[in-house]
file work.tsv (TSV, C-alpha atoms)
chain	number	residue	atom	x	y	z
A	759	MET	CA	45.32	-31.38	-33.70
A	760	MET	CA	45.73	-27.70	-34.43
A	761	GLY	CA	42.70	-25.57	-33.63
A	762	ALA	CA	41.06	-28.22	-31.47
A	763	SER	CA	39.99	-26.91	-28.10
A	764	SER	CA	41.07	-28.81	-25.04
A	765	PRO	CA	38.29	-30.12	-22.79
A	766	LEU	CA	37.53	-28.09	-19.68
A	767	SER	CA	38.60	-29.48	-16.36
A	768	PRO	CA	35.81	-30.28	-13.88
A	769	ALA	CA	36.71	-27.21	-11.80
A	770	LYS	CA	36.67	-24.90	-14.82
A	771	LEU	CA	33.44	-26.49	-16.09
A	772	SER	CA	31.79	-25.90	-12.73
A	773	LYS	CA	33.01	-22.30	-12.69
A	774	HIS	CA	31.73	-21.77	-16.23
A	775	ARG	CA	28.29	-23.15	-15.33
A	776	THR	CA	28.14	-20.98	-12.19
A	777	SER	CA	29.03	-17.88	-14.21
A	778	ALA	CA	26.39	-18.69	-16.83
A	779	SER	CA	23.82	-19.30	-14.09
A	780	ARG	CA	24.60	-15.95	-12.47
A	781	LYS	CA	24.32	-14.14	-15.79
A	782	TRP	CA	20.91	-15.72	-16.36
A	783	LEU	CA	19.75	-14.73	-12.88
A	784	ARG	CA	20.99	-11.17	-13.38
A	785	ARG	CA	19.01	-10.94	-16.61
A	786	ALA	CA	15.92	-12.34	-14.91
A	787	LEU	CA	16.35	-9.84	-12.08
A	788	ALA	CA	16.73	-6.97	-14.55
A	789	ILE	CA	13.50	-7.99	-16.30
A	790	TRP	CA	11.74	-8.31	-12.92
A	791	LEU	CA	12.88	-4.88	-11.80
A	792	SER	CA	11.86	-3.38	-15.17
A	793	VAL	CA	8.35	-4.75	-14.76
A	794	LEU	CA	8.21	-3.33	-11.24
A	795	PHE	CA	9.41	0.06	-12.47
A	796	LEU	CA	6.69	0.13	-15.12
A	797	ALA	CA	3.98	-0.95	-12.69
A	798	SER	CA	5.06	0.96	-9.62
A	799	PRO	CA	3.87	4.49	-10.47
A	800	ALA	CA	0.28	3.30	-10.65
A	801	ALA	CA	0.64	1.11	-7.59
A	802	ALA	CA	2.23	3.90	-5.60
A	803	HIS	CA	-0.52	6.42	-6.31
A	804	GLU	CA	-3.70	4.45	-7.01
A	805	ILE	CA	-3.53	2.43	-3.82
A	806	ARG	CA	-5.53	5.17	-2.12
A	807	PRO	CA	-9.17	4.09	-2.00
A	808	ALA	CA	-12.09	6.00	-3.47
A	809	ALA	CA	-15.27	6.45	-1.46
A	810	LEU	CA	-18.94	6.63	-2.38
A	811	GLU	CA	-21.40	7.68	0.31
A	812	LEU	CA	-25.18	7.76	-0.17
A	813	THR	CA	-27.45	9.17	2.53
A	814	GLU	CA	-31.20	8.61	2.24
A	815	GLN	CA	-33.43	11.40	3.48
A	816	ALA	CA	-37.00	11.27	4.71
A	817	ASP	CA	-38.32	13.21	1.70
A	818	GLY	CA	-37.15	10.54	-0.77
A	819	MET	CA	-34.02	12.38	-1.81
A	820	VAL	CA	-30.54	10.86	-1.58
A	821	SER	CA	-27.38	12.88	-0.95
A	822	VAL	CA	-24.37	11.53	-2.85
A	823	ILE	CA	-20.70	12.16	-2.05
A	824	TRP	CA	-18.19	10.74	-4.54
A	825	LYS	CA	-14.54	11.02	-3.54
A	826	GLN	CA	-11.77	9.64	-5.73
A	827	PRO	CA	-7.97	9.94	-5.69
A	828	VAL	CA	-6.04	12.11	-8.11
A	829	LEU	CA	-3.20	10.57	-10.12
A	830	SER	CA	-0.54	12.96	-11.45
A	831	GLY	CA	-2.99	15.84	-11.28
A	832	ARG	CA	-5.74	13.95	-13.12
A	833	LYS	CA	-8.87	12.20	-11.92
A	834	LEU	CA	-9.04	8.49	-12.48
A	835	LYS	CA	-11.52	7.58	-15.19
A	836	MET	CA	-14.19	6.23	-12.85
A	837	ARG	CA	-17.74	7.24	-12.14
A	838	PRO	CA	-20.53	5.75	-10.04
A	839	ILE	CA	-23.60	4.37	-11.81
A	840	LEU	CA	-26.62	4.48	-9.50
A	841	PRO	CA	-29.69	2.20	-9.79
A	842	ALA	CA	-32.09	2.77	-12.67
A	843	GLN	CA	-34.77	4.21	-10.36
A	844	CYS	CA	-32.46	7.11	-9.41
A	845	ALA	CA	-33.08	10.30	-11.36
A	846	PRO	CA	-30.05	11.93	-13.04
A	847	PRO	CA	-28.79	14.90	-11.00
A	848	GLU	CA	-29.69	18.39	-12.23
A	849	GLN	CA	-26.33	19.71	-11.13
A	850	THR	CA	-23.27	18.59	-9.18
A	851	GLN	CA	-20.69	20.43	-7.11
A	852	GLN	CA	-17.03	19.52	-7.39
A	853	GLU	CA	-14.00	20.53	-5.38
A	854	PHE	CA	-10.34	19.58	-5.41
A	855	ALA	CA	-8.89	18.48	-2.06
A	856	GLY	CA	-5.19	18.02	-2.77
A	857	THR	CA	-4.98	14.31	-3.42
A	858	ALA	CA	-8.64	13.75	-4.25
A	859	THR	CA	-11.66	15.29	-5.92
A	860	ILE	CA	-14.98	15.42	-4.12
A	861	GLU	CA	-18.21	15.59	-6.13
A	862	THR	CA	-21.60	16.01	-4.44
A	863	TRP	CA	-25.16	16.02	-5.68
A	864	GLN	CA	-28.70	15.06	-4.74
A	865	THR	CA	-31.08	12.77	-6.56
A	866	ALA	CA	-34.62	11.46	-6.15
A	867	CYS	CA	-33.99	7.80	-5.42
A	868	ARG	CA	-34.86	4.75	-3.32
A	869	LEU	CA	-32.14	2.49	-2.00
A	870	ASP	CA	-34.24	-0.66	-1.62
A	871	ARG	CA	-33.39	-2.49	-4.84
A	872	GLY	CA	-31.06	-2.59	-7.81
A	873	GLU	CA	-27.31	-2.21	-7.77
A	874	ILE	CA	-24.55	0.35	-7.76
A	875	ARG	CA	-21.53	-0.09	-9.97
A	876	ILE	CA	-18.35	1.87	-10.60
A	877	GLU	CA	-17.70	2.34	-14.29
A	878	GLY	CA	-14.01	2.20	-15.16
A	879	LEU	CA	-12.96	0.63	-11.85
A	880	GLU	CA	-11.75	-2.51	-13.60
A	881	GLN	CA	-9.08	-0.44	-15.37
A	882	THR	CA	-7.52	0.87	-12.14
A	883	LEU	CA	-5.63	-0.50	-9.14
A	884	THR	CA	-7.79	1.17	-6.52
A	885	ASP	CA	-10.73	0.08	-4.36
A	886	VAL	CA	-13.97	1.91	-3.66
A	887	PHE	CA	-15.46	1.98	-0.18
A	888	VAL	CA	-19.28	2.24	-0.37
A	889	ARG	CA	-21.43	3.36	2.55
A	890	LEU	CA	-25.23	3.62	2.45
A	891	THR	CA	-27.10	5.34	5.27
A	892	PHE	CA	-30.84	4.69	5.19
A	893	ALA	CA	-33.55	7.04	6.44
A	894	ASP	CA	-34.20	4.79	9.45
A	895	GLY	CA	-30.56	5.08	10.56
A	896	ASN	CA	-29.40	1.64	9.39
A	897	GLU	CA	-26.24	1.40	7.33
A	898	GLN	CA	-24.87	-0.93	4.67
A	899	THR	CA	-21.23	-0.98	3.62
A	900	GLY	CA	-19.05	-2.76	1.13
A	901	VAL	CA	-15.76	-2.58	-0.74
A	902	LEU	CA	-15.69	-2.69	-4.55
A	903	ARG	CA	-12.56	-3.82	-6.38
A	904	PRO	CA	-11.43	-3.95	-10.00
A	905	ALA	CA	-12.50	-7.60	-10.17
A	906	SER	CA	-15.90	-6.96	-8.48
A	907	SER	CA	-17.24	-3.50	-9.26
A	908	VAL	CA	-20.94	-4.07	-8.48
A	909	PHE	CA	-22.67	-3.41	-5.13
A	910	ALA	CA	-26.08	-5.03	-4.64
A	911	LEU	CA	-28.65	-3.03	-2.67
A	912	GLU	CA	-30.62	-4.74	0.07
A	913	THR	CA	-33.64	-3.69	2.05
A	914	GLU	CA	-31.92	-4.77	5.28
A	915	ALA	CA	-28.79	-3.18	6.64
A	916	GLY	CA	-25.66	-5.16	5.95
A	917	ASN	CA	-22.95	-6.06	8.38
A	918	SER	CA	-21.48	-3.51	10.73
A	919	PRO	CA	-19.97	-0.57	8.82
A	920	ALA	CA	-16.83	-0.86	10.94
A	921	SER	CA	-16.22	-4.50	10.02
A	922	ALA	CA	-15.07	-3.63	6.49
A	923	TYR	CA	-12.14	-1.66	7.89
A	924	LEU	CA	-10.26	-4.79	8.97
A	925	ARG	CA	-9.85	-5.95	5.39
A	926	ILE	CA	-9.17	-2.43	4.12
A	927	GLY	CA	-6.29	-2.08	6.61
A	928	ALA	CA	-4.74	-5.42	5.65
A	929	GLU	CA	-5.03	-4.71	1.94
A	930	HIS	CA	-3.65	-1.21	2.31
A	931	ILE	CA	-0.29	-2.49	3.58
A	932	LEU	CA	-0.16	-5.69	1.50
A	933	PHE	CA	-0.70	-3.70	-1.71
A	934	GLY	CA	1.20	-0.62	-0.56
A	935	TRP	CA	4.67	-1.00	-2.11
A	936	ASP	CA	6.21	1.82	-0.16
A	937	HIS	CA	5.31	0.45	3.27
A	938	LEU	CA	6.38	-3.09	2.37
A	939	LEU	CA	9.70	-1.84	0.98
A	940	PHE	CA	10.40	-0.02	4.23
A	941	VAL	CA	9.66	-3.12	6.31
A	942	LEU	CA	11.90	-5.16	3.98
A	943	GLY	CA	14.65	-2.59	4.47
A	944	LEU	CA	14.28	-2.90	8.23
A	945	LEU	CA	14.60	-6.68	8.00
A	946	LEU	CA	17.75	-6.39	5.86
A	947	LEU	CA	19.29	-3.95	8.34
A	948	THR	CA	18.35	-5.72	11.57
A	949	PRO	CA	20.06	-8.79	13.07
A	950	LEU	CA	17.67	-11.70	13.49
A	951	ARG	CA	17.81	-11.53	17.29
A	952	GLN	CA	16.53	-7.92	17.21
A	953	ILE	CA	13.82	-8.22	14.55
A	954	LEU	CA	10.91	-8.67	16.96
A	955	TRP	CA	11.93	-5.59	18.95
A	956	VAL	CA	12.48	-3.46	15.84
A	957	ILE	CA	9.18	-4.44	14.18
A	958	THR	CA	7.39	-3.73	17.48
A	959	ALA	CA	8.98	-0.27	17.55
A	960	PHE	CA	7.80	0.39	13.97
A	961	THR	CA	4.30	-0.80	14.91
A	962	ALA	CA	4.18	1.49	17.97
A	963	GLY	CA	5.29	4.47	15.89
A	964	HIS	CA	2.80	4.12	13.06
A	965	SER	CA	-0.05	3.14	15.39
A	966	LEU	CA	0.39	6.39	17.34
A	967	THR	CA	0.27	8.74	14.36
A	968	LEU	CA	-2.42	6.66	12.68
A	969	ALA	CA	-4.64	7.21	15.71
A	970	ILE	CA	-3.88	10.93	15.86
A	971	THR	CA	-4.55	11.40	12.15
A	972	ALA	CA	-7.58	9.14	11.81
A	973	LEU	CA	-9.35	10.77	14.75
A	974	GLY	CA	-8.82	14.22	13.25
A	975	LEU	CA	-6.41	15.50	15.90
A	976	PHE	CA	-3.60	16.26	13.44
A	977	ARG	CA	-2.95	15.86	9.73
A	978	LEU	CA	-0.23	16.84	7.25
A	979	PRO	CA	-0.66	17.21	3.48
A	980	SER	CA	-0.23	13.79	1.88
A	981	GLY	CA	2.25	15.00	-0.80
A	982	PRO	CA	5.13	15.81	1.58
A	983	VAL	CA	4.34	12.75	3.69
A	984	GLU	CA	4.57	10.41	0.69
A	985	LEU	CA	7.84	12.04	-0.39
A	986	LEU	CA	9.36	11.54	3.07
A	987	ILE	CA	8.18	7.93	3.10
A	988	ALA	CA	10.00	7.33	-0.20
A	989	LEU	CA	13.13	8.99	1.22
A	990	SER	CA	12.92	6.74	4.30
A	991	ILE	CA	13.07	3.68	2.03
A	992	PHE	CA	16.14	4.97	0.19
A	993	PHE	CA	17.78	5.94	3.49
A	994	LEU	CA	17.42	2.38	4.80
A	995	ALA	CA	18.97	0.96	1.63
A	996	VAL	CA	21.99	3.26	2.04
A	997	GLU	CA	22.38	2.18	5.67
A	998	VAL	CA	22.27	-1.50	4.69
A	999	VAL	CA	25.04	-0.88	2.13
A	1000	ARG	CA	27.11	0.95	4.77
A	1001	LYS	CA	26.63	-1.90	7.22
A	1002	ARG	CA	27.79	-4.47	4.66
A	1003	ALA	CA	30.85	-2.33	3.99
A	1004	GLY	CA	31.81	-2.63	7.67
A	1005	LYS	CA	30.77	0.91	8.62
A	1006	THR	CA	28.56	1.86	11.53
A	1007	SER	CA	26.07	4.55	12.55
A	1008	LEU	CA	23.34	5.12	15.10
A	1009	THR	CA	20.85	3.53	12.69
A	1010	ILE	CA	23.02	0.41	12.31
A	1011	ARG	CA	23.72	0.10	16.04
A	1012	GLN	CA	20.18	0.89	17.19
A	1013	PRO	CA	17.77	0.14	14.32
A	1014	TRP	CA	14.77	0.41	16.65
A	1015	ILE	CA	15.30	4.20	16.79
A	1016	VAL	CA	14.86	4.64	13.04
A	1017	ALA	CA	12.00	2.10	13.16
A	1018	VAL	CA	9.96	4.10	15.65
A	1019	GLY	CA	10.93	7.45	14.09
A	1020	PHE	CA	9.97	6.52	10.55
A	1021	GLY	CA	7.04	4.55	11.95
A	1022	LEU	CA	5.56	7.89	13.04
A	1023	LEU	CA	5.92	9.06	9.44
A	1024	HIS	CA	4.36	5.95	7.91
A	1025	GLY	CA	1.46	6.23	10.35
A	1026	LEU	CA	0.66	9.61	8.80
A	1027	GLY	CA	0.47	7.84	5.45
A	1028	PHE	CA	-1.87	5.17	6.84
A	1029	GLY	CA	-4.00	7.86	8.49
A	1030	SER	CA	-4.23	9.87	5.28
A	1031	ALA	CA	-5.58	6.83	3.43
A	1032	LEU	CA	-8.08	6.18	6.22
A	1033	ALA	CA	-9.18	9.81	6.22
A	1034	ASP	CA	-9.89	9.52	2.49
A	1035	ILE	CA	-12.78	7.15	3.17
A	1036	GLY	CA	-13.71	8.49	6.60
A	1037	LEU	CA	-14.95	6.65	9.67
A	1038	PRO	CA	-18.54	5.46	10.18
A	1039	LYS	CA	-20.61	7.68	12.43
A	1040	ASP	CA	-20.77	6.57	16.08
A	1041	GLN	CA	-18.29	3.76	15.35
A	1042	GLU	CA	-15.11	5.78	14.83
A	1043	ILE	CA	-13.03	4.09	17.53
A	1044	TRP	CA	-14.12	0.58	16.55
A	1045	ALA	CA	-13.47	1.18	12.86
A	1046	PHE	CA	-10.05	2.70	13.59
A	1047	LEU	CA	-9.05	-0.25	15.78
A	1048	LEU	CA	-10.09	-2.73	13.09
A	1049	PHE	CA	-8.21	-0.79	10.41
A	1050	ASN	CA	-5.08	-0.74	12.56
A	1051	LEU	CA	-5.51	-4.44	13.34
A	1052	GLY	CA	-5.78	-5.12	9.61
A	1053	VAL	CA	-2.54	-3.22	9.01
A	1054	GLU	CA	-0.81	-5.31	11.68
A	1055	ILE	CA	-2.16	-8.57	10.23
A	1056	GLY	CA	-0.87	-7.62	6.79
A	1057	GLN	CA	2.50	-6.65	8.26
A	1058	ILE	CA	2.79	-9.92	10.18
A	1059	MET	CA	2.00	-11.87	7.00
A	1060	PHE	CA	4.72	-10.05	5.08
A	1061	VAL	CA	7.34	-10.35	7.84
A	1062	SER	CA	6.54	-14.05	8.22
A	1063	ALA	CA	7.02	-14.59	4.48
A	1064	VAL	CA	10.41	-12.82	4.53
A	1065	LEU	CA	11.56	-14.73	7.61
A	1066	GLY	CA	10.47	-17.94	5.89
A	1067	GLY	CA	12.75	-16.97	3.02
A	1068	TYR	CA	15.54	-16.39	5.54
A	1069	GLY	CA	14.98	-19.91	6.84
A	1070	LEU	CA	15.35	-21.38	3.37
A	1071	MET	CA	18.47	-19.30	2.71
A	1072	SER	CA	20.07	-20.52	5.95
A	1073	LEU	CA	20.26	-23.98	4.39
A	1074	LEU	CA	22.67	-22.63	1.76
A	1075	PRO	CA	26.40	-21.85	2.12
A	1076	SER	CA	27.11	-18.37	3.54
A	1077	ASP	CA	28.46	-17.01	0.23
A	1078	ARG	CA	25.26	-18.03	-1.53
A	1079	GLN	CA	23.18	-16.40	1.22
A	1080	LYS	CA	24.93	-13.05	0.69
A	1081	TRP	CA	24.50	-13.29	-3.07
A	1082	LEU	CA	20.79	-14.10	-2.86
A	1083	ALA	CA	20.19	-11.16	-0.48
A	1084	ARG	CA	21.48	-8.66	-3.05
A	1085	PRO	CA	18.33	-8.58	-5.24
A	1086	ALA	CA	16.24	-7.58	-2.21
A	1087	LEU	CA	18.68	-4.78	-1.38
A	1088	TYR	CA	18.74	-3.59	-5.00
A	1089	LEU	CA	14.93	-3.64	-5.01
A	1090	VAL	CA	14.66	-1.50	-1.86
A	1091	GLY	CA	17.29	1.01	-2.95
A	1092	SER	CA	16.21	1.30	-6.59
A	1093	LEU	CA	12.51	1.67	-5.90
A	1094	GLY	CA	13.18	3.97	-2.94
A	1095	ALA	CA	15.13	6.30	-5.23
A	1096	TYR	CA	12.55	5.90	-7.99
A	1097	TYR	CA	9.59	6.73	-5.76
A	1098	THR	CA	11.47	9.75	-4.45
A	1099	MET	CA	12.01	11.10	-7.96
A	1100	VAL	CA	8.42	10.37	-8.99
A	1101	ARG	CA	7.01	12.16	-5.95
A	1102	ILE	CA	9.22	15.18	-6.52
A	1103	PHE	CA	8.56	15.67	-10.23
A	1104	ILE	CA	5.10	14.14	-10.80

call {"tool": "encode", "arguments": {"input": "work.tsv", "output": "structure tokens"}}
result
Amino acid sequence: MMGASSPLSPAKLSKHRTSASRKWLRRALAIWLSVLFLASPAAAHEIRPAALELTEQADGMVSVIWKQPVLSGRKLKMRPILPAQCAPPEQTQQEFAGTATIETWQTACRLDRGEIRIEGLEQTLTDVFVRLTFADGNEQTGVLRPASSVFALETEAGNSPASAYLRIGAEHILFGWDHLLFVLGLLLLTPLRQILWVITAFTAGHSLTLAITALGLFRLPSGPVELLIALSIFFLAVEVVRKRAGKTSLTIRQPWIVAVGFGLLHGLGFGSALADIGLPKDQEIWAFLLFNLGVEIGQIMFVSAVLGGYGLMSLLPSDRQKWLARPALYLVGSLGAYYTMVRIFI
């Protein structure tokens, strides 16, 4: 009959279904990347923790230091609410410290009951590190998050102030898009047989500068450091593309060199975040070691998850493996370029 379409052969039908499936996956990937683009500016900047420090004095006064990150030149809409028995401050002093604002005041207060909460924290992506130092020298610490913004006061000192740094370190890398993107770029660039060596080189690099920065021996302004970190992500994406095109370079032949070199840079970023909350008095080394251990635990968790994905992909035909690896490469390159532009112009 005229106008009647002939049935598709099995081969053509399979090809048609594959094409439709790929179009659907491309659309899903585009939506996914769009969501990441919308969410990433906040995640990239608000991941820095805020810090609230209260020091009880013998005369019944309490010194308060409130330090919070600055987003695009503006303070986040957060403020600490002290217990009801604390008198409102007569005046406060405020200073701008580049990536954060620091507000200080004194109040007549007792830290033996009630609770401290951070108003507006639930509308952000940041955490607040709280440290209380009592008149007898004991300390109590805690970490407040958007989902739990209340800190209960106790008459007894809490756990060791340094112990909270383990979790802070792990969360800093697991929720730090820029650091995870760089590690993902390293994994895409590095042959499987060299991954352990390359990740170890990255760990050695960032551990060294983290120690130097956290202990106050050296520090760079966070703005240029964050810009260079974004550029390092984009650089890795370009190198992965060059490698897949059959080209070579020192980075492609010896990825451990770029791992240790950029690791030094990322360590400055880790150290800047740690400096924002400070280290507990007389426990600086212990707190730093726990923070660094937390970073390594978070990194191991992420690398293990990616390698698990590699294991699943190895069960597929080689052409499918290459196709499935493309979204990860697009993610690294696109967000690397995006973060670079954001940190230049915002």

call {"tool": "closest_residue", "arguments": {"input": "work.tsv", "among": "A:Ala959, A:Ser1030, A:Ala1063, A:Leu1087", "to": "Phe992 of chain A", "atoms": "all atoms listed in the file"}}
result
A:Leu1087

call {"tool": "closest_residue", "arguments": {"input": "work.tsv", "among": "A:Ala962, A:Ala1045, A:Val828, A:Leu1037", "to": "Leu1022 of chain A", "atoms": "all atoms listed in the file"}}
result
A:Ala962

call {"tool": "residues_around", "arguments": {"input": "work.tsv", "residues": "Gly1027 of chain A", "least_positions_apart": "2", "cutoff": "8 Å", "atoms": "all atoms listed in the file", "output": "MDAnalysis selection string"}}
result
chainID A and resid 968 980 983:984 1023:1025 1029:1031

call {"tool": "write_last_selection", "arguments": {"input": "work.tsv", "atoms": "C-alpha atoms", "output": "PDB file, keeping the file's coordinate frame"}}
result
ATOM      1  CA  LEU A 968      -2.420   6.660  12.680  1.00  0.00           C
ATOM      2  CA  SER A 980      -0.230  13.790   1.880  1.00  0.00           C
ATOM      3  CA  VAL A 983       4.340  12.750   3.690  1.00  0.00           C
ATOM      4  CA  GLU A 984       4.570  10.410   0.690  1.00  0.00           C
ATOM      5  CA  LEU A1023       5.920   9.060   9.440  1.00  0.00           C
ATOM      6  CA  HIS A1024       4.360   5.950   7.910  1.00  0.00           C
ATOM      7  CA  GLY A1025       1.460   6.230  10.350  1.00  0.00           C
ATOM      8  CA  GLY A1029      -4.000   7.860   8.490  1.00  0.00           C
ATOM      9  CA  SER A1030      -4.230   9.870   5.280  1.00  0.00           C
ATOM     10  CA  ALA A1031      -5.580   6.830   3.430  1.00  0.00           C
TER      11      ALA A1031
END

call {"tool": "closest_residue", "arguments": {"input": "work.tsv", "among": "A:Ile987, A:Leu994, A:Leu939, A:Ala969", "to": "Ala1033 of chain A", "atoms": "only C-alpha atoms"}}
result
A:Ala969

call {"tool": "residues_around", "arguments": {"input": "work.tsv", "residues": "segment 856-869 of chain A", "least_positions_apart": "4", "cutoff": "9 Å", "atoms": "only C-alpha atoms", "output": "number ranges by chain"}}
result
A: 808, 812, 814, 817-829, 831, 833, 841, 843-852, 873, 890, 892, 911-913, 979-981, 1034

call {"tool": "atom_distance", "arguments": {"input": "work.tsv", "atom1": "atom CA of Ser1076 of chain A", "atom2": "atom CA of Ile1058 of chain A"}}
result
26.6 Å

call {"tool": "closest_residue", "arguments": {"input": "work.tsv", "among": "A:Arg1002, A:Arg889, A:Arg903, A:His930", "to": "Thr813 of chain A", "atoms": "all atoms listed in the file"}}
result
A:Arg889

call {"tool": "atom_distance", "arguments": {"input": "work.tsv", "atom1": "atom CA of Leu902 of chain A", "atom2": "atom CA of Ile874 of chain A"}}
result
9.9 Å

call {"tool": "closest_residue", "arguments": {"input": "work.tsv", "among": "A:Glu880, A:Gly1056, A:Leu966, A:Glu1042", "to": "Phe933 of chain A", "atoms": "only C-alpha atoms"}}
result
A:Gly1056

call {"tool": "closest_residue", "arguments": {"input": "work.tsv", "among": "A:Leu1093, A:Leu840, A:Val956, A:Leu975", "to": "Val908 of chain A", "atoms": "all atoms listed in the file"}}
result
A:Leu840

call {"tool": "atom_distance", "arguments": {"input": "work.tsv", "atom1": "atom CA of Pro838 of chain A", "atom2": "atom CA of Gly1036 of chain A"}}
result
18.2 Å

call {"tool": "residues_around", "arguments": {"input": "work.tsv", "residues": "segment 921-923 of chain A", "least_positions_apart": "3", "cutoff": "7 Å", "atoms": "only C-alpha atoms", "output": "mmCIF file with C-alpha atoms, keeping the file's coordinate frame"}}
result
data_model
loop_
_atom_site.group_PDB
_atom_site.id
_atom_site.type_symbol
_atom_site.label_atom_id
_atom_site.label_comp_id
_atom_site.auth_asym_id
_atom_site.auth_seq_id
_atom_site.Cartn_x
_atom_site.Cartn_y
_atom_site.Cartn_z
ATOM 1 C CA GLY A 900 -19.050 -2.760 1.130
ATOM 2 C CA SER A 918 -21.480 -3.510 10.730
ATOM 3 C CA ILE A 926 -9.170 -2.430 4.120
ATOM 4 C CA GLY A 927 -6.290 -2.080 6.610
ATOM 5 C CA ALA A 1045 -13.470 1.180 12.860
ATOM 6 C CA LEU A 1048 -10.090 -2.730 13.090
ATOM 7 C CA PHE A 1049 -8.210 -0.790 10.410
#

call {"tool": "residues_around", "arguments": {"input": "work.tsv", "residues": "Ile1102 of chain A", "least_positions_apart": "6", "cutoff": "12 Å", "atoms": "only C-alpha atoms", "output": "PyMOL selection string"}}
result
chain A and resi 830+981-986+988-989+1095-1096

call {"tool": "residues_around", "arguments": {"input": "work.tsv", "residues": "Ser1007 of chain A", "least_positions_apart": "2", "cutoff": "12 Å", "atoms": "only C-alpha atoms", "output": "number ranges by chain"}}
result
A: 947, 994, 996-1001, 1003-1005, 1009-1013, 1015-1016

call {"tool": "axis_aligned_box", "arguments": {"input": "work.tsv", "around": "segment 1066-1071 of chain A", "padding_each_side": "3 Å", "output": "AutoDock Vina command-line options"}}
result
--center_x 14.5 --center_y -18.9 --center_z 4.8 --size_x 14.0 --size_y 11.0 --size_z 10.1
